[in-house]
>>> print(open('final_2.txt').read())   # compact mmCIF, C-alpha atoms and all ligand atoms
# COMPACT_ATOMS: atom_id res chain seq x y z
CA MET P 79 26.39 -16.65 4.27
CA SER P 80 29.22 -14.25 4.92
CA ALA P 81 28.47 -11.20 7.01
CA ILE P 82 31.02 -9.24 4.96
CA ASP P 83 28.76 -8.85 2.00
CA LEU P 84 25.31 -10.12 2.68
CA ALA P 85 23.92 -8.69 -0.55
CA GLN P 86 26.48 -10.51 -2.68
CA ALA P 87 25.63 -13.72 -0.85
CA VAL P 88 21.92 -13.12 -1.51
CA MET P 89 22.68 -12.73 -5.23
CA GLU P 90 24.63 -16.01 -5.20
CA ARG P 91 21.71 -17.75 -3.53
CA ILE P 92 19.34 -16.30 -6.14
CA GLU P 93 21.59 -17.84 -8.82
CA ALA P 94 21.66 -21.19 -7.04
CA LEU P 95 17.89 -21.23 -6.71
CA ALA P 96 17.45 -20.25 -10.37
CA ARG P 97 19.25 -23.45 -11.36
CA ILE P 98 16.42 -25.48 -9.81
CA SER P 99 13.89 -25.80 -12.60
CA GLU P 100 11.51 -28.35 -14.06
CA ASP P 101 12.51 -27.26 -17.61
CA PRO P 102 16.08 -27.92 -18.76
CA ASP P 103 16.81 -24.62 -20.51
CA ARG P 104 14.66 -22.12 -18.69
CA LEU P 105 13.43 -21.36 -15.20
CA THR P 106 10.04 -22.88 -14.44
CA ARG P 107 9.07 -23.95 -10.94
CA THR P 108 5.41 -24.68 -10.44
CA PHE P 109 3.42 -25.61 -7.38
CA GLY P 110 4.05 -29.09 -6.00
CA SER P 111 6.70 -29.98 -8.60
CA PRO P 112 9.94 -31.89 -7.88
CA ALA P 113 11.72 -28.59 -8.53
CA MET P 114 9.71 -26.97 -5.72
CA ARG P 115 10.68 -29.86 -3.44
CA LYS P 116 14.38 -29.22 -4.18
CA ALA P 117 13.89 -25.47 -3.77
CA ASN P 118 12.26 -25.96 -0.37
CA GLU P 119 15.13 -28.23 0.72
CA LEU P 120 17.77 -25.70 -0.32
CA VAL P 121 15.99 -22.68 1.14
CA GLY P 122 15.22 -24.69 4.29
CA SER P 123 18.95 -25.34 4.73
CA TRP P 124 19.61 -21.57 4.50
CA MET P 125 16.90 -20.94 7.08
CA ARG P 126 18.55 -23.41 9.47
CA GLU P 127 21.90 -21.74 8.92
CA ALA P 128 20.25 -18.46 9.98
CA GLY P 129 19.18 -19.97 13.28
CA MET P 130 15.62 -20.84 12.34
CA THR P 131 13.62 -23.98 12.95
CA VAL P 132 12.08 -25.13 9.70
CA SER P 133 8.70 -26.66 8.95
CA GLU P 134 6.22 -27.03 6.12
CA ASP P 135 2.49 -26.54 6.46
CA ALA P 136 -0.18 -28.73 4.89
CA ILE P 137 -0.01 -27.09 1.43
CA GLY P 138 3.79 -26.96 1.32
CA ASN P 139 4.54 -23.40 2.46
CA LEU P 140 8.07 -23.48 3.86
CA ILE P 141 8.35 -21.68 7.20
CA GLY P 142 11.49 -20.74 9.10
CA ARG P 143 10.96 -19.54 12.66
CA TYR P 144 13.41 -17.41 14.58
CA PRO P 145 12.25 -17.23 18.19
CA GLY P 146 11.58 -14.03 20.04
CA ARG P 147 12.83 -13.11 23.50
CA ASP P 148 10.08 -15.03 25.23
CA GLU P 149 8.32 -18.22 24.37
CA TRP P 150 4.98 -16.36 24.31
CA SER P 151 6.20 -13.67 21.93
CA LYS P 152 3.90 -12.87 19.08
CA THR P 153 5.14 -13.40 15.54
CA PHE P 154 6.02 -11.05 12.71
CA LEU P 155 5.93 -12.59 9.24
CA LEU P 156 8.27 -11.84 6.35
CA GLY P 157 8.22 -13.64 3.04
CA SER P 158 7.36 -14.07 -0.60
CA HIS P 159 6.95 -17.02 -2.98
CA LEU P 160 9.28 -19.63 -4.46
CA ASP P 161 7.11 -20.75 -7.39
CA THR P 162 7.58 -19.06 -10.77
CA VAL P 163 5.85 -18.52 -14.10
CA ARG P 164 7.15 -20.46 -17.12
CA ASP P 165 10.45 -19.11 -18.48
CA ALA P 166 10.69 -16.89 -15.45
CA GLY P 167 13.16 -14.38 -14.11
CA LYS P 168 15.18 -15.19 -10.99
CA PHE P 169 14.05 -12.45 -8.64
CA ASP P 170 10.24 -12.37 -8.62
CA GLY P 171 9.51 -14.13 -5.33
CA PRO P 172 12.87 -15.61 -4.30
CA LEU P 173 14.41 -12.17 -3.61
CA GLY P 174 11.82 -11.52 -0.89
CA VAL P 175 12.45 -14.88 0.76
CA ILE P 176 16.24 -14.85 0.58
CA ALA P 177 16.58 -11.20 1.65
CA ALA P 178 14.33 -11.92 4.65
CA ILE P 179 16.56 -14.88 5.60
CA ALA P 180 19.57 -12.53 5.34
CA CYS P 181 17.92 -10.14 7.82
CA VAL P 182 17.37 -12.99 10.27
CA GLN P 183 20.91 -14.24 9.70
CA GLN P 184 22.24 -10.86 10.84
CA LEU P 185 20.18 -11.05 14.04
CA HIS P 186 21.37 -14.62 14.61
CA GLN P 187 25.02 -13.72 14.10
CA SER P 188 24.78 -10.85 16.57
CA GLN P 189 22.77 -13.06 18.94
CA THR P 190 19.95 -10.54 18.92
CA ARG P 191 16.47 -11.58 19.95
CA LEU P 192 13.58 -9.25 19.26
CA PRO P 193 10.44 -8.92 21.40
CA PHE P 194 8.63 -10.91 18.70
CA ALA P 195 9.45 -14.08 16.83
CA ILE P 196 10.14 -13.75 13.11
CA GLU P 197 8.85 -16.27 10.63
CA VAL P 198 10.10 -16.23 7.07
CA VAL P 199 7.48 -17.78 4.83
CA ALA P 200 8.31 -19.13 1.38
CA PHE P 201 4.90 -19.50 -0.20
CA ALA P 202 4.26 -22.64 -2.24
CA ASP P 203 2.17 -21.00 -4.94
CA GLU P 204 1.60 -17.39 -5.87
CA GLU P 205 1.68 -17.44 -9.66
CA GLY P 206 -1.05 -20.06 -10.10
CA VAL P 207 0.56 -21.59 -13.20
CA ARG P 208 -0.24 -25.25 -12.55
CA PHE P 209 -3.88 -25.02 -11.47
CA GLN P 210 -4.82 -21.68 -13.04
CA THR P 211 -5.66 -20.14 -9.69
CA THR P 212 -3.34 -17.87 -7.76
CA TYR P 213 -2.14 -17.38 -4.17
CA LEU P 214 -2.74 -20.97 -3.00
CA GLY P 215 -0.04 -20.70 -0.32
CA SER P 216 -1.08 -17.39 1.21
CA LYS P 217 -4.78 -18.28 0.96
CA VAL P 218 -4.17 -21.29 3.18
CA MET P 219 -2.35 -19.07 5.67
CA ALA P 220 -5.06 -16.38 5.58
CA GLY P 221 -7.88 -18.93 5.81
CA SER P 222 -9.39 -17.93 2.44
CA PHE P 223 -8.50 -21.11 0.53
CA LYS P 224 -11.53 -22.56 -1.24
CA GLU P 225 -11.94 -26.31 -0.67
CA GLN P 226 -13.49 -26.80 -4.12
CA ASP P 227 -10.16 -25.79 -5.69
CA LEU P 228 -8.77 -29.14 -4.52
CA LYS P 229 -10.72 -30.75 -7.38
CA ARG P 230 -9.02 -28.65 -10.04
CA VAL P 231 -6.76 -30.65 -12.36
CA ASP P 232 -3.50 -29.66 -14.01
CA ALA P 233 -2.63 -30.17 -17.70
CA ALA P 234 -1.69 -33.81 -16.97
CA GLY P 235 -5.01 -34.52 -15.24
CA VAL P 236 -3.57 -34.57 -11.70
CA SER P 237 -5.93 -33.10 -9.11
CA MET P 238 -4.73 -30.42 -6.72
CA ALA P 239 -5.47 -32.73 -3.80
CA ASP P 240 -3.22 -35.43 -5.28
CA ALA P 241 -0.52 -32.87 -6.10
CA ILE P 242 -0.50 -31.71 -2.48
CA ARG P 243 -0.25 -35.33 -1.26
CA ALA P 244 2.58 -36.11 -3.70
CA PHE P 245 4.47 -33.08 -2.40
CA GLY P 246 4.18 -34.37 1.15
CA GLY P 247 1.34 -32.13 2.26
CA ASN P 248 -2.14 -32.98 3.44
CA PRO P 249 -5.16 -31.62 1.56
CA ASP P 250 -7.47 -32.63 4.44
CA GLN P 251 -5.54 -30.54 6.95
CA LEU P 252 -5.23 -27.22 5.12
CA LYS P 253 -7.07 -25.38 7.87
CA SER P 254 -4.20 -26.19 10.23
CA GLY P 255 -2.04 -23.79 8.19
CA CYS P 256 -4.36 -20.86 8.90
CA ARG P 257 -2.83 -18.18 11.15
CA ASP P 258 -4.53 -16.64 14.14
CA PRO P 259 -4.42 -12.85 13.61
CA ASN P 260 -4.23 -12.44 17.41
CA GLN P 261 -0.86 -14.16 17.43
CA VAL P 262 0.63 -12.29 14.49
CA LEU P 263 1.80 -8.67 14.45
CA GLY P 264 1.83 -8.34 10.69
CA TYR P 265 3.38 -9.32 7.38
CA THR P 266 5.95 -7.51 5.25
CA GLU P 267 7.03 -8.55 1.78
CA LEU P 268 10.08 -7.38 -0.11
CA HIS P 269 9.57 -7.79 -3.86
CA ILE P 270 10.90 -6.47 -7.14
CA GLU P 271 8.77 -3.62 -8.43
CA GLN P 272 7.87 -5.33 -11.73
CA GLY P 273 7.39 -1.88 -13.21
CA PRO P 274 9.57 1.06 -14.34
CA VAL P 275 8.60 3.77 -11.82
CA LEU P 276 11.54 3.45 -9.38
CA GLU P 277 14.05 3.26 -12.20
CA LYS P 278 12.60 6.40 -13.81
CA LYS P 279 12.89 8.20 -10.43
CA TYR P 280 16.43 6.93 -9.78
CA GLN P 281 15.21 5.32 -6.55
CA PRO P 282 16.64 1.94 -5.44
CA VAL P 283 13.62 1.06 -3.29
CA GLY P 284 10.07 2.28 -2.76
CA VAL P 285 7.40 1.86 -0.12
CA VAL P 286 4.09 0.46 -1.33
CA THR P 287 0.89 2.30 -0.43
CA ALA P 288 -1.67 -0.25 -1.60
CA ILE P 289 -2.11 -3.20 -3.89
CA ALA P 290 -4.36 -1.97 -6.66
CA GLY P 291 -7.82 -3.35 -7.17
CA ALA P 292 -8.53 -4.85 -10.57
CA THR P 293 -11.50 -5.43 -12.84
CA ARG P 294 -11.31 -7.73 -15.82
CA VAL P 295 -14.04 -7.48 -18.42
CA LYS P 296 -14.87 -9.65 -21.41
CA ALA P 297 -16.53 -7.43 -24.03
CA ARG P 298 -18.22 -8.88 -27.12
CA PHE P 299 -18.98 -6.79 -30.19
CA THR P 300 -21.53 -8.52 -32.43
CA GLY P 301 -22.10 -7.11 -35.91
CA GLN P 302 -22.69 -8.84 -39.23
CA ALA P 303 -20.15 -10.85 -41.17
CA GLY P 304 -20.27 -10.29 -44.90
CA HIS P 305 -18.35 -10.40 -48.17
CA ALA P 306 -15.43 -7.97 -48.21
CA GLY P 307 -15.93 -7.27 -51.91
CA THR P 308 -19.69 -6.97 -52.28
CA THR P 309 -20.82 -5.12 -49.14
CA PRO P 310 -20.61 -1.31 -49.53
CA MET P 311 -18.94 0.54 -46.70
CA SER P 312 -22.15 2.35 -45.76
CA LEU P 313 -24.05 -0.92 -45.27
CA ARG P 314 -21.55 -2.67 -43.03
CA ARG P 315 -21.79 -3.60 -39.36
CA ASP P 316 -18.10 -4.30 -38.87
CA ALA P 317 -17.48 -5.56 -35.32
CA LEU P 318 -13.71 -5.16 -35.55
CA VAL P 319 -13.83 -1.48 -36.53
CA ALA P 320 -16.15 -0.83 -33.56
CA ALA P 321 -13.76 -2.75 -31.30
CA ALA P 322 -10.77 -0.82 -32.66
CA GLN P 323 -12.51 2.48 -31.94
CA PHE P 324 -13.26 1.23 -28.44
CA ILE P 325 -9.62 0.19 -27.81
CA ALA P 326 -8.41 3.68 -28.72
CA ALA P 327 -11.13 5.13 -26.46
CA VAL P 328 -9.91 3.00 -23.52
CA GLU P 329 -6.49 4.58 -23.75
CA ALA P 330 -7.96 8.09 -24.10
CA CYS P 331 -10.34 7.54 -21.18
CA THR P 332 -7.48 6.80 -18.74
CA ARG P 333 -6.46 10.49 -19.01
CA ASP P 334 -9.59 11.45 -17.07
CA TYR P 335 -8.67 9.21 -14.12
CA PRO P 336 -5.23 9.98 -12.65
CA ALA P 337 -3.04 6.89 -12.17
CA LEU P 338 -5.61 4.58 -13.74
CA VAL P 339 -4.20 1.85 -15.96
CA ALA P 340 -6.37 0.08 -18.51
CA THR P 341 -5.32 -2.52 -21.05
CA VAL P 342 -6.93 -4.43 -23.87
CA GLY P 343 -4.62 -7.41 -23.90
CA GLN P 344 -6.52 -10.04 -25.84
CA ILE P 345 -8.66 -9.83 -28.92
CA GLU P 346 -10.23 -12.37 -31.21
CA ALA P 347 -12.04 -11.48 -34.44
CA ARG P 348 -14.28 -13.96 -36.24
CA PRO P 349 -14.68 -15.45 -38.70
CA GLY P 350 -11.08 -14.32 -39.28
CA ALA P 351 -10.57 -14.35 -43.02
CA SER P 352 -8.95 -11.66 -45.18
CA ASN P 353 -11.99 -11.41 -47.46
CA VAL P 354 -14.72 -11.44 -44.79
CA ILE P 355 -16.01 -8.49 -42.77
CA PRO P 356 -15.53 -9.41 -39.08
CA GLY P 357 -18.93 -10.05 -37.52
CA ASP P 358 -17.92 -11.03 -34.01
CA VAL P 359 -15.12 -9.70 -31.78
CA VAL P 360 -14.31 -10.64 -28.21
CA LEU P 361 -11.75 -8.64 -26.26
CA THR P 362 -10.59 -8.29 -22.67
CA VAL P 363 -10.25 -5.07 -20.69
CA ASP P 364 -8.07 -5.01 -17.57
CA VAL P 365 -8.58 -1.93 -15.36
CA ARG P 366 -6.58 -1.20 -12.18
CA HIS P 367 -6.37 1.53 -9.58
CA GLN P 368 -5.48 1.74 -5.91
CA LEU P 369 -8.77 3.56 -5.24
CA ASP P 370 -11.74 1.27 -5.81
CA GLY P 371 -14.09 4.23 -6.42
CA MET P 372 -11.88 5.51 -9.23
CA ARG P 373 -11.72 2.05 -10.80
CA THR P 374 -15.46 1.39 -10.70
CA ALA P 375 -16.20 4.88 -12.07
CA ALA P 376 -13.76 4.30 -14.93
CA CYS P 377 -15.28 0.88 -15.69
CA ALA P 378 -18.78 2.38 -15.82
CA ARG P 379 -17.53 5.07 -18.22
CA LEU P 380 -15.81 2.49 -20.44
CA GLN P 381 -19.01 0.48 -20.67
CA GLU P 382 -20.91 3.63 -21.69
CA VAL P 383 -18.29 4.37 -24.34
CA ALA P 384 -18.58 0.82 -25.72
CA ASN P 385 -22.36 1.14 -25.89
CA GLU P 386 -22.17 4.54 -27.61
CA ILE P 387 -19.81 3.15 -30.23
CA GLY P 388 -22.05 0.11 -30.66
CA GLU P 389 -25.20 2.22 -31.12
CA LYS P 390 -23.63 4.39 -33.82
CA ARG P 391 -22.47 1.35 -35.76
CA GLY P 392 -25.35 -1.07 -35.28
CA ILE P 393 -23.21 -3.34 -33.13
CA ILE P 394 -24.52 -5.19 -30.09
CA VAL P 395 -22.17 -4.90 -27.11
CA ASP P 396 -22.14 -7.47 -24.29
CA TRP P 397 -20.15 -6.47 -21.20
CA GLU P 398 -19.25 -9.20 -18.75
CA VAL P 399 -17.16 -8.56 -15.61
CA VAL P 400 -15.19 -11.81 -15.24
CA HIS P 401 -12.94 -10.86 -12.33
CA GLU P 402 -13.02 -8.21 -9.66
CA ALA P 403 -10.57 -7.71 -6.80
CA GLN P 404 -10.77 -4.90 -4.30
CA SER P 405 -7.75 -2.76 -3.59
CA VAL P 406 -5.84 -3.81 -0.46
CA PRO P 407 -4.37 -0.83 1.41
CA CYS P 408 -1.05 -1.34 3.19
CA SER P 409 -1.04 -0.81 6.95
CA ARG P 410 -0.35 2.88 7.58
CA GLU P 411 1.58 2.07 10.76
CA LEU P 412 3.88 -0.49 9.12
CA THR P 413 4.30 1.63 6.00
CA LEU P 414 5.37 4.66 8.04
CA LEU P 415 7.94 2.49 9.82
CA LEU P 416 9.24 1.16 6.50
CA ALA P 417 9.51 4.72 5.18
CA LYS P 418 11.31 5.78 8.38
CA ALA P 419 13.75 2.90 7.94
CA ALA P 420 14.26 3.86 4.29
CA ARG P 421 14.93 7.50 5.23
CA ARG P 422 17.95 6.36 7.23
CA HIS P 423 19.52 5.45 3.90
CA LEU P 424 17.86 7.75 1.36
CA VAL P 425 17.23 11.47 1.13
CA GLN P 426 13.87 10.90 -0.45
CA VAL P 427 11.52 7.94 -0.13
CA THR P 428 9.18 7.11 -2.96
CA GLU P 429 5.72 5.79 -2.20
CA LEU P 430 3.91 3.96 -4.96
CA PRO P 431 0.98 1.58 -5.43
CA SER P 432 1.49 -1.96 -6.65
CA GLY P 433 -0.30 -2.63 -9.92
CA ALA P 434 0.49 -6.33 -9.64
CA GLY P 435 -1.05 -8.72 -7.13
CA HIS P 436 1.08 -10.25 -4.37
CA ASP P 437 0.77 -12.69 -1.46
CA ALA P 438 0.72 -9.52 0.66
CA ALA P 439 -2.75 -8.72 -0.71
CA VAL P 440 -4.07 -12.01 0.68
CA MET P 441 -2.22 -11.71 3.99
CA GLY P 442 -3.51 -8.14 4.27
CA GLU P 443 -7.03 -9.51 4.58
CA ILE P 444 -6.33 -10.76 8.09
CA MET P 445 -3.33 -8.79 9.39
CA PRO P 446 -1.48 -5.48 8.97
CA MET P 447 0.62 -5.69 5.81
CA ALA P 448 3.38 -3.66 4.16
CA MET P 449 5.59 -4.03 1.10
CA LEU P 450 9.00 -2.79 0.07
CA PHE P 451 9.72 -2.65 -3.66
CA VAL P 452 13.19 -2.99 -5.13
CA ARG P 453 13.99 -1.32 -8.46
CA CYS P 454 14.32 -3.77 -11.36
CA LYS P 455 15.97 -3.14 -14.69
CA GLY P 456 13.61 -1.71 -17.27
CA GLY P 457 10.66 -2.70 -15.09
CA ILE P 458 10.90 -6.14 -16.70
CA SER P 459 9.50 -9.15 -14.87
CA HIS P 460 8.07 -12.59 -15.65
CA HIS P 461 10.94 -12.84 -18.13
CA PRO P 462 14.51 -14.21 -17.99
CA ASP P 463 15.81 -10.62 -18.41
CA GLU P 464 14.57 -9.75 -14.92
CA SER P 465 17.49 -8.03 -13.18
CA VAL P 466 18.28 -6.13 -9.99
CA LEU P 467 21.47 -4.41 -8.81
CA VAL P 468 23.44 -5.88 -5.92
CA ASP P 469 23.69 -2.37 -4.42
CA ASP P 470 19.91 -2.09 -4.40
CA VAL P 471 19.64 -5.47 -2.69
CA ARG P 472 22.15 -4.31 -0.07
CA LEU P 473 20.07 -1.22 0.60
CA ALA P 474 16.80 -3.18 0.69
CA ILE P 475 18.23 -5.60 3.28
CA ALA P 476 19.40 -2.64 5.37
CA VAL P 477 15.94 -1.04 5.19
CA LEU P 478 14.16 -4.27 6.09
CA SER P 479 16.57 -4.89 8.99
CA ASP P 480 16.11 -1.35 10.31
CA PHE P 481 12.36 -1.74 9.93
CA LEU P 482 12.45 -4.81 12.18
CA LEU P 483 14.49 -2.92 14.78
CA LEU P 484 12.10 0.06 14.68
CA LEU P 485 9.22 -2.36 15.10
CA ALA P 486 11.03 -3.95 18.05
CA ASN P 487 11.28 -0.51 19.69
CA GLN P 488 7.53 -0.18 19.39
CA HIS P 489 7.07 -3.50 21.17
CA PRO P 490 9.66 -3.24 23.93
CA VAL P 491 7.78 -5.59 26.20
CA ALA P 492 6.51 -8.89 24.91
CA ASN P 493 2.79 -9.09 24.88
CA LYS P 494 1.30 -11.08 27.72
CA LYS P 495 0.88 -14.73 27.20
CA HIS P 496 -2.13 -15.43 25.06
CA VAL P 497 -4.49 -17.92 26.65
ZN ZN P 501 5.95 -12.30 -7.23
>>> encode(input="final_2.txt", output="structure tokens", more="lines below")
Ligand SMILES: [Zn+2]
Amino acid sequence: MSAIDLAQAVMERIEALARISEDPDRLTRTFGSPAMRKANELVGSWMREAGMTVSEDAIGNLIGRYPGRDEWSKTFLLGSHLDTVRDAGKFDGPLGVIAAIACVQQLHQSQTRLPFAIEVVAFADEEGVRFQTTYLGSKVMAGSFKEQDLKRVDAAGVSMADAIRAFGGNPDQLKSGCRDPNQVLGYTELHIEQGPVLEKKYQPVGVVTAIAGATRVKARFTGQAGHAGTTPMSLRRDALVAAAQFIAAVEACTRDYPALVATVGQIEARPGASNVIPGDVVLTVDVRHQLDGMRTAACARLQEVANEIGEKRGIIVDWEVVHEAQSVPCSRELTLLLAKAARRHLVQVTELPSGAGHDAAVMGEIMPMAMLFVRCKGGISHHPDESVLVDDVRLAIAVLSDFLLLLANQHPVANKKHV
């Protein structure tokens, strides 16, 4: 990687990595696949070039370690994930890994050692495509991996345990990948925003305040199916009309809760014939906010609204919370440092919550965590049109590098040897 234009080199590496796919005509790289093996080999070679020693933990997280000034230095973690969704964009995940390597490469080239070691982690699974469960890599590192997930099978019937073995990992030794929070100073992840806020504000990067909590609800509206020609309008119990009224109410309700986002993304109406009144509708509601109190209050209100609509129309409403994740606040200390680093390059620094989940949310359970977002075109992600500007990448690398130096100033003396 040339020191002349690090950002351009990062973009070239993103392109090279995007060519490693398990599908011939699109980018798909799922956990434990041969494509992930090749990706780890390539990224591992870049880590070595940046002066890092490279290893893989028991689930296949790729780790490059750049030593600190002393052998007993604590460690600061940078990283993101190398797995992708199907038909993915190039930047979601890889940008955070490759930009972090670029930061270390700069230190290596200037023969700079910091008072802490840096480890760049390329997580083996964040998207959860293969086994329908997310954050496998970071969960192993944070010690929150659930052993029973090893029994899950993929679409081809391969168990997670066997997939880990085939990749060269060891499903019986996952606990060895767990990090001791006493030995780690924190984790910072650079990631594309995956939303349109920075672009709308003409800001190349933004500092994340928290990863929003989320509630996912399955709501069922049960009415009465009937003949579309013979049942008068006044005698109907049409589940789909009730559901439609509810969907419009979800959007309206968000106005009462600043920054709340709520989405009905899936709906199924039965029996599903043009000449039959729909008697049964199931839909999903996804509600997110960085303040858990705001989210739970909004969910309670939405349930009330659904019940009110149901009562007026003779529709039974079942409300089932199928997923709930608490908001994970970013470390105030690390976030202030990131913002300070960003202010060296920008007049104004935007702070924003992350509506999407990230490995940082899992790492944040056991250590201080911060995130830097990079503007992406149109806010598009999980799509081949995902795009970032090389100038934004250049700025993001500069901010992350300055952040590490500011952090080093806060830890001028290596912490005493941990015994
Ligand atoms: Zn991602």
>>> residues_near_ligand(input="final_2.txt", ligand="ligand ZN 501 (chain P)", cutoff="10 Å", atoms="only C-alpha atoms and all ligand atoms", output="count of residues only")
28
>>> closest_atom_pairs(input="final_2.txt", of="stretch 167-244 of chain P", to="stretch 471-493 of chain P", cutoff="8 Å", atoms="all atoms listed in the file", output="tab-separated table")
residue	atom	partner	partner_atom	distance
P:Ala177	CA	P:Ile475	CA	6.1
P:Ala178	CA	P:Ile475	CA	7.6
P:Ala180	CA	P:Ile475	CA	7.4
P:Cys181	CA	P:Ser479	CA	5.5
P:Leu192	CA	P:Ala486	CA	6.0
P:Pro193	CA	P:Ala492	CA	5.3
P:Phe194	CA	P:Ala492	CA	6.9
>>> closest_residue(input="final_2.txt", among="P:Ala448, P:Leu412, P:Cys454, P:Ala403", to="P:Arg294", atoms="all atoms listed in the file")
P:Ala403
>>> residues_near_point(input="final_2.txt", point="(-4.4, 0.8, -6.0)", cutoff="6 Å", atoms="only C-alpha atoms", output="VMD selection string")
chain P and resid 288 to 291 367 to 369 405 431
>>> residues_around(input="final_2.txt", residues="P:Thr266", least_positions_apart="5", cutoff="7 Å", atoms="only C-alpha atoms", output="count of residues only")
6
>>> atom_distance(input="final_2.txt", atom1="atom CA of P:Gly442", atom2="atom CA of P:Gly215")
13.8 Å
>>> axis_aligned_box(input="final_2.txt", around="stretch 137-155 of chain P", padding_each_side="5 Å", output="lines of an AutoDock Vina configuration file")
center_x = 6.7
center_y = -19.1
center_z = 13.3
size_x = 23.4
size_y = 26.0
size_z = 33.9
>>> atom_distance(input="final_2.txt", atom1="atom CA of P:Pro336", atom2="atom CA of P:Asp364")
16.0 Å
>>> atom_distance(input="final_2.txt", atom1="atom CA of P:Asn260", atom2="atom CA of P:Ile196")
15.1 Å
>>> residues_around(input="final_2.txt", residues="P:Glu225", least_positions_apart="6", cutoff="12 Å", atoms="all atoms listed in the file", output="PyMOL selection string")
chain P and resi 214+217-218+238-239+249-253
>>> closest_atom_pairs(input="final_2.txt", of="stretch 226-306 of chain P", to="stretch 386-390 of chain P", cutoff="10 Å", atoms="only C-alpha atoms", output="tab-separated table")
residue	atom	partner	partner_atom	distance
P:Phe299	CA	P:Gly388	CA	7.6
P:Thr300	CA	P:Gly388	CA	8.8
P:Gly301	CA	P:Gly388	CA	8.9
>>> residues_around(input="final_2.txt", residues="stretch 132-141 of chain P", least_positions_apart="5", cutoff="8 Å", atoms="all atoms listed in the file", output="CSV table (one decimal) with C-alpha atoms, in the frame of the given file")
chain,number,residue,atom,x,y,z
P,110,GLY,CA,4.0,-29.1,-6.0
P,118,ASN,CA,12.3,-26.0,-0.4
P,122,GLY,CA,15.2,-24.7,4.3
P,125,MET,CA,16.9,-20.9,7.1
P,126,ARG,CA,18.6,-23.4,9.5
P,197,GLU,CA,8.8,-16.3,10.6
P,198,VAL,CA,10.1,-16.2,7.1
P,199,VAL,CA,7.5,-17.8,4.8
P,200,ALA,CA,8.3,-19.1,1.4
P,201,PHE,CA,4.9,-19.5,-0.2
P,202,ALA,CA,4.3,-22.6,-2.2
P,215,GLY,CA,0.0,-20.7,-0.3
P,218,VAL,CA,-4.2,-21.3,3.2
P,242,ILE,CA,-0.5,-31.7,-2.5
P,245,PHE,CA,4.5,-33.1,-2.4
P,246,GLY,CA,4.2,-34.4,1.2
P,247,GLY,CA,1.3,-32.1,2.3
P,248,ASN,CA,-2.1,-33.0,3.4
P,249,PRO,CA,-5.2,-31.6,1.6
P,251,GLN,CA,-5.5,-30.5,7.0
P,252,LEU,CA,-5.2,-27.2,5.1
P,254,SER,CA,-4.2,-26.2,10.2
P,255,GLY,CA,-2.0,-23.8,8.2
>>> closest_residue(input="final_2.txt", among="P:Val339, P:Val399, P:Gln302, P:Ile393", to="P:Pro356", atoms="only C-alpha atoms")
P:Gln302
>>> closest_residue(input="final_2.txt", among="P:Val359, P:Ala166, P:Leu84, P:Cys377", to="P:Ile98", atoms="all atoms listed in the file")
P:Ala166
>>> closest_residue(input="final_2.txt", among="P:Arg115, P:Arg298, P:Arg315, P:Lys168", to="P:Asp396", atoms="all atoms listed in the file")
P:Arg298
>>> closest_residue(input="final_2.txt", among="P:Pro282, P:Val406, P:Gly167, P:Thr108", to="P:Ile92", atoms="all atoms listed in the file")
P:Gly167
>>> closest_residue(input="final_2.txt", among="P:Met89, P:Thr362, P:Pro259, P:Met130", to="P:Gln187", atoms="only C-alpha atoms")
P:Met130
>>> residues_around(input="final_2.txt", residues="P:Lys296", least_positions_apart="3", cutoff="8 Å", atoms="all atoms listed in the file", output="ChimeraX atom specification")
/P:360-363,397-400
>>> decode(input="final_2.txt", residues="stretch 427-435 of chain P", atoms="N, CA and C atoms", output="compact mmCIF listing (two decimals), in the first residue's frame")
# COMPACT_ATOMS: atom_id res chain seq x y z
N VAL P 427 -19.07 18.80 13.35
CA VAL P 427 -19.08 17.33 13.43
C VAL P 427 -20.50 16.86 13.77
N THR P 428 -21.01 16.03 12.91
CA THR P 428 -22.37 15.52 13.11
C THR P 428 -22.36 14.30 14.02
N GLU P 429 -23.26 14.31 14.98
CA GLU P 429 -23.46 13.12 15.81
C GLU P 429 -24.80 12.51 15.42
N LEU P 430 -24.85 11.21 15.33
CA LEU P 430 -26.10 10.57 14.92
C LEU P 430 -26.17 9.15 15.50
N PRO P 431 -27.39 8.66 15.75
CA PRO P 431 -27.50 7.28 16.21
C PRO P 431 -27.41 6.32 15.03
N SER P 432 -27.09 5.08 15.30
CA SER P 432 -27.12 4.06 14.25
C SER P 432 -28.43 3.30 14.35
N GLY P 433 -29.20 3.34 13.28
CA GLY P 433 -30.45 2.57 13.27
C GLY P 433 -30.21 1.11 12.97
N ALA P 434 -29.05 0.81 12.39
CA ALA P 434 -28.72 -0.58 12.06
C ALA P 434 -27.86 -1.18 13.17
N GLY P 435 -27.90 -2.49 13.29
CA GLY P 435 -27.06 -3.17 14.26
C GLY P 435 -25.65 -3.35 13.71
